[in-house]
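> Take a look at protein.cif, mmCIF, C-alpha atoms:
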data_input
loop_
_atom_site.label_atom_id
_atom_site.label_comp_id
_atom_site.auth_asym_id
_atom_site.auth_seq_id
_atom_site.Cartn_x
_atom_site.Cartn_y
_atom_site.Cartn_z
CA MET Y 1 0.00 0.00 0.00
CA ILE Y 2 2.86 2.41 0.87
CA ARG Y 3 6.25 2.10 -0.81
CA PHE Y 4 9.39 4.19 -0.36
CA GLU Y 5 12.06 3.91 -3.06
CA HIS Y 6 15.45 5.46 -2.23
CA VAL Y 7 13.87 8.49 -0.58
CA THR Y 8 16.15 11.25 0.76
CA LYS Y 9 15.21 14.53 2.41
CA ARG Y 10 17.99 17.09 2.49
CA TYR Y 11 17.48 20.67 3.69
CA ALA Y 12 19.13 23.83 2.35
CA ASP Y 13 21.58 24.00 5.25
CA GLY Y 14 22.90 20.57 4.29
CA THR Y 15 21.08 18.63 7.01
CA THR Y 16 19.97 15.19 5.83
CA ALA Y 17 16.82 14.23 7.72
CA VAL Y 18 16.19 11.00 5.80
CA ASP Y 19 18.88 9.20 3.83
CA ASP Y 20 18.13 6.73 1.01
CA LEU Y 21 15.07 5.18 2.63
CA SER Y 22 13.44 2.14 1.03
CA PHE Y 23 10.68 0.03 2.61
CA GLU Y 24 7.11 -1.16 2.04
CA VAL Y 25 4.00 -1.28 4.19
CA ALA Y 26 1.44 -3.90 3.21
CA GLU Y 27 -2.27 -3.22 3.03
CA GLY Y 28 -3.86 -3.46 6.48
CA GLU Y 29 -0.49 -3.49 8.23
CA LEU Y 30 0.35 -1.33 11.24
CA VAL Y 31 4.00 -0.26 11.14
CA THR Y 32 5.51 1.69 14.00
CA LEU Y 33 8.38 4.08 13.33
CA VAL Y 34 10.43 4.35 16.51
CA GLY Y 35 13.62 6.16 17.41
CA PRO Y 36 15.02 9.13 19.33
CA SER Y 37 14.07 12.75 18.63
CA GLY Y 38 15.47 14.09 15.39
CA CYS Y 39 16.06 10.71 13.76
CA GLY Y 40 13.74 11.32 10.79
CA LYS Y 41 10.68 9.27 11.68
CA THR Y 42 8.21 12.19 11.62
CA THR Y 43 9.79 13.52 8.43
CA THR Y 44 9.21 10.10 6.89
CA MET Y 45 5.54 10.14 7.83
CA LYS Y 46 4.95 13.73 6.66
CA MET Y 47 6.36 12.92 3.24
CA VAL Y 48 3.54 10.42 2.73
CA ASN Y 49 0.90 13.17 2.72
CA ARG Y 50 3.28 15.74 1.17
CA LEU Y 51 3.46 18.03 4.16
CA ILE Y 52 7.17 17.64 3.42
CA GLU Y 53 8.48 17.00 -0.10
CA PRO Y 54 11.36 14.56 -0.62
CA THR Y 55 14.59 15.74 -2.21
CA GLU Y 56 15.19 12.47 -4.02
CA GLY Y 57 13.40 9.18 -4.62
CA GLY Y 58 9.76 8.22 -4.94
CA ILE Y 59 6.85 7.45 -2.64
CA PHE Y 60 3.95 5.36 -3.91
CA LEU Y 61 0.45 4.97 -2.49
CA ASP Y 62 -1.40 1.91 -3.75
CA GLY Y 63 0.88 1.95 -6.81
CA ASP Y 64 0.43 5.66 -7.58
CA ASP Y 65 3.34 8.10 -7.42
CA ILE Y 66 2.14 10.66 -4.87
CA SER Y 67 4.15 13.43 -6.56
CA THR Y 68 1.60 13.31 -9.38
CA ILE Y 69 -1.39 13.76 -7.04
CA ASP Y 70 -2.66 17.16 -5.93
CA PRO Y 71 -1.52 17.56 -2.30
CA VAL Y 72 -4.92 18.71 -1.05
CA GLN Y 73 -6.72 15.82 -2.70
CA LEU Y 74 -4.06 13.42 -1.43
CA ARG Y 75 -4.48 14.58 2.18
CA ARG Y 76 -8.21 14.11 2.01
CA ARG Y 77 -7.56 10.45 1.16
CA ILE Y 78 -5.27 9.94 4.16
CA GLY Y 79 -6.28 10.05 7.82
CA TYR Y 80 -3.94 12.09 10.03
CA VAL Y 81 -3.77 12.06 13.83
CA ILE Y 82 -1.29 14.17 15.79
CA GLN Y 83 -0.35 14.46 19.46
CA GLN Y 84 -2.08 17.83 19.90
CA VAL Y 85 -5.21 16.44 18.17
CA GLY Y 86 -5.93 19.77 16.44
CA LEU Y 87 -9.70 19.88 16.97
CA PHE Y 88 -11.52 23.09 16.02
CA PRO Y 89 -12.47 24.72 19.35
CA HIS Y 90 -15.52 26.50 17.90
CA LYS Y 91 -17.05 23.31 16.51
CA THR Y 92 -18.85 20.55 18.37
CA VAL Y 93 -17.43 17.04 18.61
CA LEU Y 94 -19.85 15.83 15.92
CA GLU Y 95 -18.96 18.74 13.62
CA ASN Y 96 -15.24 18.14 14.15
CA THR Y 97 -15.62 14.48 13.28
CA ALA Y 98 -17.59 15.30 10.10
CA THR Y 99 -14.98 17.81 8.86
CA VAL Y 100 -13.40 15.71 6.09
CA PRO Y 101 -16.68 14.26 4.74
CA HIS Y 102 -17.94 17.86 4.54
CA LEU Y 103 -14.81 18.94 2.60
CA LEU Y 104 -15.33 16.02 0.25
CA GLY Y 105 -18.83 17.23 -0.57
CA TRP Y 106 -20.84 14.68 1.35
CA LYS Y 107 -24.42 15.67 2.12
CA ARG Y 108 -24.73 17.12 5.61
CA GLY Y 109 -26.96 14.30 6.88
CA LYS Y 110 -24.68 11.57 5.54
CA GLY Y 111 -21.60 13.23 7.03
CA ARG Y 112 -23.17 13.58 10.46
CA GLU Y 113 -24.42 10.00 10.34
CA ARG Y 114 -20.91 8.76 9.54
CA ALA Y 115 -19.48 10.95 12.30
CA ALA Y 116 -21.94 9.49 14.82
CA GLU Y 117 -20.99 5.95 13.78
CA LEU Y 118 -17.29 6.67 14.27
CA LEU Y 119 -17.80 8.33 17.66
CA ASP Y 120 -19.69 5.27 18.81
CA LEU Y 121 -16.91 3.05 17.44
CA VAL Y 122 -14.26 4.86 19.51
CA GLY Y 123 -16.38 4.62 22.66
CA LEU Y 124 -17.97 8.08 22.72
CA ASP Y 125 -21.78 7.96 22.69
CA PRO Y 126 -22.76 10.61 20.10
CA SER Y 127 -25.97 11.37 22.02
CA VAL Y 128 -23.82 12.29 25.04
CA TYR Y 129 -20.70 13.79 23.48
CA GLY Y 130 -21.81 14.89 20.00
CA ASP Y 131 -22.93 18.39 21.03
CA ARG Y 132 -20.02 19.06 23.40
CA TYR Y 133 -17.05 21.24 22.52
CA PRO Y 134 -13.40 20.09 22.73
CA GLU Y 135 -12.75 22.08 25.91
CA GLN Y 136 -15.44 20.02 27.64
CA LEU Y 137 -13.55 16.76 27.01
CA SER Y 138 -10.65 15.10 28.79
CA GLY Y 139 -7.35 14.63 26.98
CA GLY Y 140 -8.10 11.00 26.30
CA GLN Y 141 -11.54 11.83 24.93
CA ARG Y 142 -10.08 14.45 22.59
CA GLN Y 143 -7.64 11.84 21.28
CA ARG Y 144 -10.54 9.52 20.53
CA VAL Y 145 -12.29 12.29 18.61
CA GLY Y 146 -9.07 12.84 16.66
CA VAL Y 147 -8.98 9.17 15.66
CA ALA Y 148 -12.68 9.22 14.74
CA ARG Y 149 -12.17 12.33 12.59
CA ALA Y 150 -9.23 10.72 10.80
CA LEU Y 151 -11.38 7.68 9.96
CA ALA Y 152 -14.55 9.57 9.01
CA ALA Y 153 -14.03 9.49 5.23
CA ASP Y 154 -12.90 5.84 5.41
CA PRO Y 155 -9.35 6.48 4.16
CA PRO Y 156 -7.19 3.48 3.25
CA VAL Y 157 -4.15 4.96 5.04
CA LEU Y 158 -3.83 6.40 8.54
CA LEU Y 159 -0.83 8.46 9.70
CA MET Y 160 -0.41 8.82 13.46
CA ASP Y 161 2.26 11.10 14.94
CA GLU Y 162 2.70 10.25 18.64
CA PRO Y 163 -1.08 10.42 19.10
CA PHE Y 164 -1.07 9.18 22.71
CA GLY Y 165 2.02 11.00 23.91
CA ALA Y 166 0.22 13.86 25.68
CA VAL Y 167 -1.85 11.81 28.12
CA ASP Y 168 -0.97 10.13 31.41
CA PRO Y 169 0.27 6.49 31.40
CA VAL Y 170 -3.03 4.98 32.55
CA VAL Y 171 -5.06 6.75 29.86
CA ARG Y 172 -2.34 6.01 27.32
CA GLU Y 173 -2.56 2.26 27.93
CA ARG Y 174 -6.34 2.41 27.68
CA LEU Y 175 -6.15 4.30 24.38
CA GLN Y 176 -3.64 1.78 23.03
CA ASN Y 177 -5.97 -1.08 23.93
CA GLU Y 178 -8.92 0.66 22.30
CA PHE Y 179 -6.93 1.45 19.19
CA LEU Y 180 -5.84 -2.18 18.80
CA LYS Y 181 -9.49 -3.27 19.03
CA LEU Y 182 -10.45 -0.61 16.51
CA GLN Y 183 -7.67 -1.63 14.11
CA ALA Y 184 -8.82 -5.24 14.32
CA GLN Y 185 -12.19 -4.05 12.99
CA VAL Y 186 -11.21 -1.48 10.36
CA ARG Y 187 -7.79 -2.89 9.24
CA LYS Y 188 -6.30 0.36 7.96
CA THR Y 189 -2.75 0.68 6.66
CA VAL Y 190 -1.10 2.63 9.47
CA LEU Y 191 2.20 4.44 9.94
CA PHE Y 192 2.52 5.15 13.66
CA VAL Y 193 5.33 7.40 14.93
CA THR Y 194 6.52 7.00 18.51
CA HIS Y 195 9.68 7.43 20.56
CA ASP Y 196 8.55 4.75 23.03
CA ILE Y 197 9.85 1.26 22.22
CA GLU Y 198 7.24 -0.38 24.47
CA GLU Y 199 4.43 1.35 22.56
CA ALA Y 200 6.06 0.38 19.26
CA VAL Y 201 6.31 -3.25 20.35
CA ARG Y 202 2.78 -3.36 21.67
CA LEU Y 203 1.07 -1.84 18.63
CA GLY Y 204 3.15 -2.69 15.59
CA ASP Y 205 2.82 -5.62 13.22
CA ARG Y 206 6.34 -4.58 12.25
CA ILE Y 207 8.75 -2.02 13.69
CA ALA Y 208 11.13 0.31 11.86
CA VAL Y 209 13.90 1.24 14.30
CA TYR Y 210 15.51 4.49 13.21
CA GLY Y 211 19.10 5.56 13.65
CA GLN Y 212 20.07 8.95 12.24
CA GLY Y 213 17.98 9.27 9.11
CA ARG Y 214 18.16 5.54 8.37
CA ILE Y 215 16.26 2.43 9.36
CA GLU Y 216 18.58 0.20 11.36
CA GLN Y 217 16.12 -2.72 11.50
CA PHE Y 218 12.68 -3.32 9.99
CA ASP Y 219 11.15 -6.48 11.41
CA SER Y 220 8.50 -8.01 13.65
CA PRO Y 221 8.48 -6.86 17.28
CA ALA Y 222 9.55 -10.31 18.45
CA THR Y 223 12.54 -10.36 16.12
CA VAL Y 224 13.63 -6.83 16.99
CA LEU Y 225 13.58 -7.77 20.68
CA GLY Y 226 14.98 -11.27 20.30
CA ALA Y 227 17.58 -10.68 17.61
CA PRO Y 228 18.60 -7.02 17.32
CA ALA Y 229 20.29 -6.48 13.96
CA THR Y 230 22.96 -4.06 15.20
CA PRO Y 231 24.51 -2.95 18.49
CA TYR Y 232 22.59 0.32 18.07
CA VAL Y 233 19.24 -1.53 17.98
CA ALA Y 234 20.23 -3.68 20.98
CA ASP Y 235 21.11 -0.55 22.94
CA PHE Y 236 17.93 1.25 21.87
CA VAL Y 237 15.51 -1.53 22.80
CA GLY Y 238 17.28 -1.90 26.16
CA ALA Y 239 18.90 -4.56 28.28
CA ASP Y 240 15.44 -5.64 29.47
CA ARG Y 241 14.35 -6.57 25.95
CA GLY Y 242 13.66 -10.11 27.20
CA LEU Y 243 10.96 -8.73 29.48
CA LYS Y 244 9.59 -6.57 26.67
CA ARG Y 245 9.41 -9.65 24.47
CA LEU Y 246 6.92 -11.19 26.90
CA SER Y 247 4.34 -8.71 25.58
CA VAL Y 248 4.65 -10.00 21.99
CA THR Y 249 5.03 -13.73 22.70
CA PRO Y 250 1.66 -15.51 22.78
CA ILE Y 251 0.77 -18.57 24.82
CA GLU Y 252 0.77 -21.68 22.61
CA GLU Y 253 -0.59 -25.15 23.36
CA SER Y 254 2.93 -26.57 23.31
CA ASP Y 255 3.71 -24.37 26.34
CA LEU Y 256 1.11 -26.02 28.55
CA ASP Y 257 1.31 -28.71 31.22
CA GLN Y 258 -1.51 -31.22 31.64
CA PRO Y 259 -2.48 -31.57 35.31
CA PRO Y 260 -5.03 -34.04 36.70
CA VAL Y 261 -8.61 -33.09 35.85
CA VAL Y 262 -11.87 -34.07 37.50
CA HIS Y 263 -15.47 -33.27 36.67
CA LEU Y 264 -18.18 -31.59 38.69
CA ASP Y 265 -20.27 -34.69 39.17
CA ASP Y 266 -17.42 -37.03 40.07
CA PRO Y 267 -17.75 -38.53 43.58
CA LEU Y 268 -15.51 -36.63 45.95
CA ALA Y 269 -13.94 -39.79 47.28
CA THR Y 270 -13.00 -40.98 43.78
CA ALA Y 271 -11.51 -37.60 42.82
CA THR Y 272 -9.44 -37.08 45.94
CA GLY Y 273 -8.36 -40.72 45.99
CA ARG Y 274 -7.04 -40.41 42.46
CA LEU Y 275 -5.16 -37.22 43.30
CA ARG Y 276 -3.50 -38.82 46.32
CA SER Y 277 -2.52 -41.91 44.35
CA GLU Y 278 -0.91 -39.70 41.70
CA GLY Y 279 0.82 -37.54 44.29
CA ALA Y 280 -0.93 -34.41 43.00
CA ARG Y 281 -1.83 -31.56 45.32
CA TRP Y 282 -4.71 -30.21 43.20
CA ALA Y 283 -6.79 -30.85 40.10
CA VAL Y 284 -8.59 -28.69 37.58
CA VAL Y 285 -12.38 -29.02 37.71
CA LEU Y 286 -14.32 -29.18 34.43
CA ASP Y 287 -18.01 -29.25 33.64
CA GLY Y 288 -19.73 -31.87 31.48
CA ARG Y 289 -18.48 -30.23 28.27
CA ASP Y 290 -14.87 -30.01 29.46
CA ASN Y 291 -15.15 -26.27 30.04
CA LEU Y 292 -13.13 -24.77 32.86
CA HIS Y 293 -15.04 -24.50 36.13
CA GLY Y 294 -12.47 -24.21 38.92
CA TRP Y 295 -10.05 -26.33 40.91
CA ILE Y 296 -10.01 -28.61 43.94
CA PRO Y 297 -7.19 -29.48 46.39
CA ALA Y 298 -6.21 -33.05 47.14
CA ASP Y 299 -7.22 -32.61 50.79
CA ALA Y 300 -10.81 -31.71 49.89
CA THR Y 301 -12.03 -34.87 51.65
CA ALA Y 302 -10.48 -33.78 54.94
CA ASP Y 303 -11.90 -30.27 54.47
CA ALA Y 304 -15.34 -31.74 53.83
CA SER Y 305 -15.05 -33.87 56.94
CA LYS Y 306 -14.21 -30.86 59.11
CA ALA Y 307 -17.01 -28.80 57.61
CA ALA Y 308 -19.50 -31.57 58.33
CA GLY Y 309 -18.22 -32.10 61.86
CA ALA Y 310 -17.36 -35.69 61.01
CA THR Y 311 -14.81 -37.84 62.74
CA ALA Y 312 -12.00 -39.72 61.06
CA ASP Y 313 -14.59 -42.04 59.53
CA ALA Y 314 -13.40 -42.35 55.95
CA LYS Y 315 -16.90 -42.94 54.62
CA GLY Y 316 -18.22 -39.81 56.28
CA ALA Y 317 -15.36 -37.76 54.93
CA ALA Y 318 -15.85 -39.03 51.41
CA LYS Y 319 -19.50 -38.06 50.95
CA GLY Y 320 -20.60 -35.68 48.23
CA THR Y 321 -19.37 -34.72 44.78
CA VAL Y 322 -16.65 -32.50 43.45
CA ARG Y 323 -19.27 -29.83 42.65
CA GLU Y 324 -19.87 -29.16 46.35
CA HIS Y 325 -16.18 -28.51 47.11
CA ALA Y 326 -14.73 -27.01 43.92
CA ARG Y 327 -13.09 -23.62 44.30
CA ARG Y 328 -13.45 -20.66 42.00
CA MET Y 329 -10.77 -20.23 39.32
CA GLU Y 330 -9.54 -16.62 39.19
CA ALA Y 331 -6.26 -17.08 37.33
CA TRP Y 332 -7.02 -17.98 33.72
CA LEU Y 333 -6.40 -16.64 30.21
CA PRO Y 334 -7.33 -17.57 26.64
CA LEU Y 335 -4.85 -19.29 24.36
CA GLY Y 336 -2.87 -16.66 22.45
CA ALA Y 337 -2.75 -14.15 25.28
CA PRO Y 338 0.74 -12.63 25.68
CA LEU Y 339 3.15 -14.12 28.20
CA LYS Y 340 3.37 -10.71 29.86
CA GLN Y 341 -0.33 -10.91 30.69
CA ALA Y 342 0.15 -14.44 31.99
CA PHE Y 343 2.97 -13.30 34.27
CA ALA Y 344 0.89 -10.34 35.50
CA THR Y 345 -2.08 -12.65 36.19
CA MET Y 346 0.10 -14.98 38.27
CA LEU Y 347 1.33 -12.03 40.34
CA GLN Y 348 -2.13 -10.48 40.68
CA HIS Y 349 -3.66 -13.67 42.08
CA ASP Y 350 -0.52 -14.94 43.83
CA ALA Y 351 -0.93 -18.08 41.73
CA GLY Y 352 1.65 -20.76 41.00
CA TRP Y 353 -0.06 -21.50 37.69
CA ILE Y 354 -2.83 -20.22 35.44
CA ALA Y 355 -5.41 -22.16 33.47
CA VAL Y 356 -5.55 -21.66 29.70
CA ILE Y 357 -8.76 -22.02 27.71
CA ASP Y 358 -9.71 -22.12 24.04
CA LYS Y 359 -10.79 -18.57 23.17
CA GLU Y 360 -12.92 -19.85 20.27
CA SER Y 361 -15.15 -21.92 22.58
CA GLU Y 362 -17.15 -21.25 25.73
CA GLY Y 363 -14.14 -22.05 27.86
CA ARG Y 364 -12.77 -25.47 26.86
CA PHE Y 365 -9.81 -26.25 29.09
CA LEU Y 366 -6.48 -26.74 27.31
CA GLY Y 367 -3.89 -26.96 30.08
CA VAL Y 368 -2.00 -24.85 32.61
CA LEU Y 369 0.96 -22.50 32.33
CA THR Y 370 3.47 -22.51 35.18
CA PRO Y 371 6.35 -20.05 35.77
CA ALA Y 372 8.84 -22.65 34.57
CA ARG Y 373 6.87 -23.28 31.39
CA LEU Y 374 6.48 -19.53 30.83
CA HIS Y 375 10.26 -19.17 30.94
CA GLU Y 376 10.67 -22.07 28.52
CA ALA Y 377 8.13 -20.51 26.15
CA LEU Y 378 10.11 -17.28 26.04
CA ARG Y 379 13.37 -19.12 25.37
CA ARG Y 380 11.79 -21.27 22.66
CA SER Y 381 10.30 -18.18 21.01
CA ILE Y 382 13.70 -16.52 20.75
CA ASP Y 383 15.37 -19.67 19.39
CA ALA Y 384 12.50 -20.31 16.95
CA ASP Y 385 12.88 -16.85 15.43
CA ALA Y 386 16.64 -17.31 15.15
CA GLN Y 387 16.22 -20.67 13.39
CA ASP Y 388 13.04 -19.71 11.48
CA VAL Y 389 11.08 -22.74 12.66
CA PRO Y 390 7.83 -23.18 14.62
CA ARG Y 391 8.20 -22.73 18.37
CA ALA Y 392 6.91 -26.25 19.09
CA GLU Y 393 9.95 -27.70 17.29
CA ILE Y 394 12.41 -26.07 19.68
CA ALA Y 395 13.70 -28.11 22.61
CA VAL Y 396 15.22 -26.20 25.50
CA GLU Y 397 17.34 -27.51 28.36
CA THR Y 398 15.50 -27.16 31.67
CA VAL Y 399 16.35 -27.82 35.28
CA THR Y 400 14.27 -30.99 35.01
CA SER Y 401 16.05 -32.22 31.90
CA ILE Y 402 19.46 -31.49 33.43
CA ALA Y 403 18.54 -33.48 36.54
CA THR Y 404 17.33 -36.37 34.40
CA THR Y 405 20.55 -36.62 32.38
CA THR Y 406 23.04 -36.28 35.23
#
Using structure tokens, write down the structure that the file contains.


Amino acid sequence: MIRFEHVTKRYADGTTAVDDLSFEVAEGELVTLVGPSGCGKTTTMKMVNRLIEPTEGGIFLDGDDISTIDPVQLRRRIGYVIQQVGLFPHKTVLENTATVPHLLGWKRGKGRERAAELLDLVGLDPSVYGDRYPEQLSGGQRQRVGVARALAADPPVLLMDEPFGAVDPVVRERLQNEFLKLQAQVRKTVLFVTHDIEEAVRLGDRIAVYGQGRIEQFDSPATVLGAPATPYVADFVGADRGLKRLSVTPIEESDLDQPPVVHLDDPLATATGRLRSEGARWAVVLDGRDNLHGWIPADATADASKAAGATADAKGAAKGTVREHARRMEAWLPLGAPLKQAFATMLQHDAGWIAVIDKESEGRFLGVLTPARLHEALRRSIDADAQDVPRAEIAVETVTSIATTT
């Protein structure tokens, strides 16, 4: 969708902002441009909508050389979101959002209808916020209006210049989450400028890491973090890049352990007896369709006995079913969730493991992820990228395997 061919931007004083830049952005892809201030990333983005003209080379939009397109008409085909948002203070939120459709000659009713749809899509009820003015909104709400306005004419390309940089960290994370959900629905081709490597990693399908006027590495977030192409990239992404990689490494079925499982209607005595014979301290509890329900400890029989006021009579202690003694499962995630979220969930619930379910079903249980398996998953992910093979094919040496072979 966007193609740069040997593009250079050189100013009259001899400063080279961008030097011989060549790369492509596929249709529907979100590419983050990341690097320190003054490295050329914003210049790169502004050349796409001809706010800055290149000195050399060509830029193509869906196969068309943008130098042959009228700049005004070109900009009306490209959504543009900036850090300061740039809303018109004298216009309502609905009027601001309908700005580009109005400039394109849409009928007033159609433009306002489209604006209302987009406001609703970004989480702003048009019946509540449509008649408000920008000064009546929070910073995060103004950013949402900016995104809605950029999407109002349904442009194929969206340019975003540090759009979430002016809000506090909590709001910023919320806006990032909302934008990822929005992008999953609209699938625009996006160039997203940021100086924050964590934001670049979290949002980008691919990352362009800028040095001075050049791209040092253009790759997937996982590869940039796991295999930096140059010492500069390694230094830029930071010594904690392994932790950052947790956010872009999904949970896979090959990462999971298979603990004992019991079902809700199993007799309690049978379930706890099996756990004790296997030396297991707990089991996952499933319903009749193998969906996750909760968990039960191996000493549930003893707990039941105490609750009932029973003596050491084994028969009395074994009465009932698993259903009556199963405990609620708080620590769980769907397959494909990032390892960072898994780690955070373990810490939040002080859990030694989390259950993983099939996100395409009502909650079918797949297995559990432990801290040791989480670490193995991260190591396998790095090795798999280096060897260009599926993660499941990578074997890693663990404490268990070392003990077994010595």

> Once the PyMOL selection byres ((chain Y and resi 237) around 9) has been evaluated on this model, what residues remain selected, and can you format them as a PyMOL selection string?

chain Y and resi 197-198+224-225+228+232-236+238-241+244

> Given the choices Y:Ala331, Y:Ala392, Y:Ala17, Y:Ala355, which gets closest to Arg214 of chain Y if the distance is worked out from only C-alpha atoms?

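With only C-alpha atoms as the atom set, the closest residue is Y:Ala17.
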
> Could you tell me which of Y:Leu369, Y:Leu243, Y:Met47, Y:Ala208 comes closest to Phe23 of chain Y if we count all atoms listed in the file?

Y:Ala208

> Looking at all atoms listed in the file, which of Y:Val31, Y:Gly57, Y:Arg144, Y:Gly111 is the one that sits closest to Gln84 of chain Y?

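Under the stated criterion, the closest residue is Y:Arg144.
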
> Record the distance separating atom CA of Asp62 of chain Y and atom CA of Arg76 of chain Y, expressed in Å with one decimal.

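A separation of 15.1 Å between them.
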
> Please indicate the distance in Å from atom CA of Thr43 of chain Y to atom CA of Ile215 of chain Y, rounded to one decimal place.

12.9 Å

> Taking the file as shown, find all residues satisfying the PyMOL selection byres ((chain Y and resi 3-13) around 8) and write them as a compact mmCIF listing (two decimals) with C-alpha atoms, in the coordinates of the input.


# COMPACT_ATOMS: atom_id res chain seq x y z
CA MET Y 1 0.00 0.00 0.00
CA ILE Y 2 2.86 2.41 0.87
CA GLY Y 14 22.90 20.57 4.29
CA THR Y 15 21.08 18.63 7.01
CA THR Y 16 19.97 15.19 5.83
CA ALA Y 17 16.82 14.23 7.72
CA VAL Y 18 16.19 11.00 5.80
CA ASP Y 19 18.88 9.20 3.83
CA ASP Y 20 18.13 6.73 1.01
CA LEU Y 21 15.07 5.18 2.63
CA SER Y 22 13.44 2.14 1.03
CA PHE Y 23 10.68 0.03 2.61
CA GLU Y 24 7.11 -1.16 2.04
CA VAL Y 25 4.00 -1.28 4.19
CA GLU Y 53 8.48 17.00 -0.10
CA PRO Y 54 11.36 14.56 -0.62
CA THR Y 55 14.59 15.74 -2.21
CA GLU Y 56 15.19 12.47 -4.02
CA GLY Y 57 13.40 9.18 -4.62
CA GLY Y 58 9.76 8.22 -4.94
CA ILE Y 59 6.85 7.45 -2.64
CA PHE Y 60 3.95 5.36 -3.91
CA LEU Y 61 0.45 4.97 -2.49

> Could you state which residues are captured by the PyMOL selection byres ((chain Y and resi 256) around 9) in this file, as a PyMOL selection string?

chain Y and resi 251-255+257-258+356+366-370+373-374

> Next, write the just-selected residues to a file, as an mmCIF file, in the coordinates of the input, keeping C-alpha atoms as the atom set.


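Once written, result28.cif looks like this:
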data_model
loop_
_atom_site.group_PDB
_atom_site.id
_atom_site.type_symbol
_atom_site.label_atom_id
_atom_site.label_comp_id
_atom_site.auth_asym_id
_atom_site.auth_seq_id
_atom_site.Cartn_x
_atom_site.Cartn_y
_atom_site.Cartn_z
ATOM 1 C CA ILE Y 251 0.770 -18.570 24.820
ATOM 2 C CA GLU Y 252 0.770 -21.680 22.610
ATOM 3 C CA GLU Y 253 -0.590 -25.150 23.360
ATOM 4 C CA SER Y 254 2.930 -26.570 23.310
ATOM 5 C CA ASP Y 255 3.710 -24.370 26.340
ATOM 6 C CA ASP Y 257 1.310 -28.710 31.220
ATOM 7 C CA GLN Y 258 -1.510 -31.220 31.640
ATOM 8 C CA VAL Y 356 -5.550 -21.660 29.700
ATOM 9 C CA LEU Y 366 -6.480 -26.740 27.310
ATOM 10 C CA GLY Y 367 -3.890 -26.960 30.080
ATOM 11 C CA VAL Y 368 -2.000 -24.850 32.610
ATOM 12 C CA LEU Y 369 0.960 -22.500 32.330
ATOM 13 C CA THR Y 370 3.470 -22.510 35.180
ATOM 14 C CA ARG Y 373 6.870 -23.280 31.390
ATOM 15 C CA LEU Y 374 6.480 -19.530 30.830
#

> Pick the closest to Val396 of chain Y from Y:Ile382, Y:Gly79, Y:Glu376, Y:Gly363: which is it, counting all atoms listed in the file?

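Smallest separation from Val396 of chain Y among the options: Y:Glu376.
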
> My list of candidates is Y:Asp385, Y:Arg379, Y:Gly38, Y:Gln185. Which is closest to Asp219 of chain Y when distances are computed with all atoms listed in the file?

Y:Asp385

> Please identify every residue of segment 352-401 of chain Y that has at least one atom no farther than 8 Å from an atom of segment 287-292 of chain Y, counting all atoms listed in the file, and for each give the shortest atom pair and the distance in Å to one decimal, arranged by chain then increasing number, as JSON lines.


{"residue": "Y:Ile357", "atom": "CA", "partner": "Y:Leu292", "partner_atom": "CA", "distance": 7.3}
{"residue": "Y:Glu362", "atom": "CA", "partner": "Y:Asn291", "partner_atom": "CA", "distance": 6.9}
{"residue": "Y:Gly363", "atom": "CA", "partner": "Y:Asn291", "partner_atom": "CA", "distance": 4.9}
{"residue": "Y:Arg364", "atom": "CA", "partner": "Y:Asn291", "partner_atom": "CA", "distance": 4.1}
{"residue": "Y:Phe365", "atom": "CA", "partner": "Y:Leu292", "partner_atom": "CA", "distance": 5.2}

> Env of Tyr133 of chain Y: 10 Å cut, atoms = all atoms listed in the file, seq-sep filter 5 positions within chain, self excluded. Answer as a PyMOL selection string.

chain Y and resi 87-96+142

> Take the residues that were just selected and, keeping C-alpha atoms, output them as a PDB file, in the coordinates of the input.


ATOM      1  CA  LEU Y  87      -9.700  19.880  16.970  1.00  0.00           C
ATOM      2  CA  PHE Y  88     -11.520  23.090  16.020  1.00  0.00           C
ATOM      3  CA  PRO Y  89     -12.470  24.720  19.350  1.00  0.00           C
ATOM      4  CA  HIS Y  90     -15.520  26.500  17.900  1.00  0.00           C
ATOM      5  CA  LYS Y  91     -17.050  23.310  16.510  1.00  0.00           C
ATOM      6  CA  THR Y  92     -18.850  20.550  18.370  1.00  0.00           C
ATOM      7  CA  VAL Y  93     -17.430  17.040  18.610  1.00  0.00           C
ATOM      8  CA  LEU Y  94     -19.850  15.830  15.920  1.00  0.00           C
ATOM      9  CA  GLU Y  95     -18.960  18.740  13.620  1.00  0.00           C
ATOM     10  CA  ASN Y  96     -15.240  18.140  14.150  1.00  0.00           C
ATOM     11  CA  ARG Y 142     -10.080  14.450  22.590  1.00  0.00           C
TER      12      ARG Y 142
END

> Applying 8 Å and only C-alpha atoms, which residues near Arg323 of chain Y remain after dropping the ones on its own chain fewer than 6 positions away? List them as JSON, numbers by chain.

{"Y": [263, 264, 265, 266]}

> Separation of atom CA of Ile394 of chain Y and atom CA of Ala377 of chain Y, in Å?

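These two atoms are separated by 9.5 Å.
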
> Neighbouring residues of Trp106 of chain Y were defined as those with any atom within 12 Å, considering only C-alpha atoms; residues of the same chain fewer than 6 positions away were excluded. Please report them as a list in words.

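Everything that qualifies: Ala98, Thr99, Val100, Arg112, Glu113, Arg114, Ala115, Ala152 and Ala153 of chain Y.
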
> Could you give me, as a PyMOL selection string, the residues within 8 Å of Leu119 of chain Y, counting only C-alpha atoms and dropping anything in the same chain fewer than 5 positions from it?

chain Y and resi 94+97+124-126+144-145+148
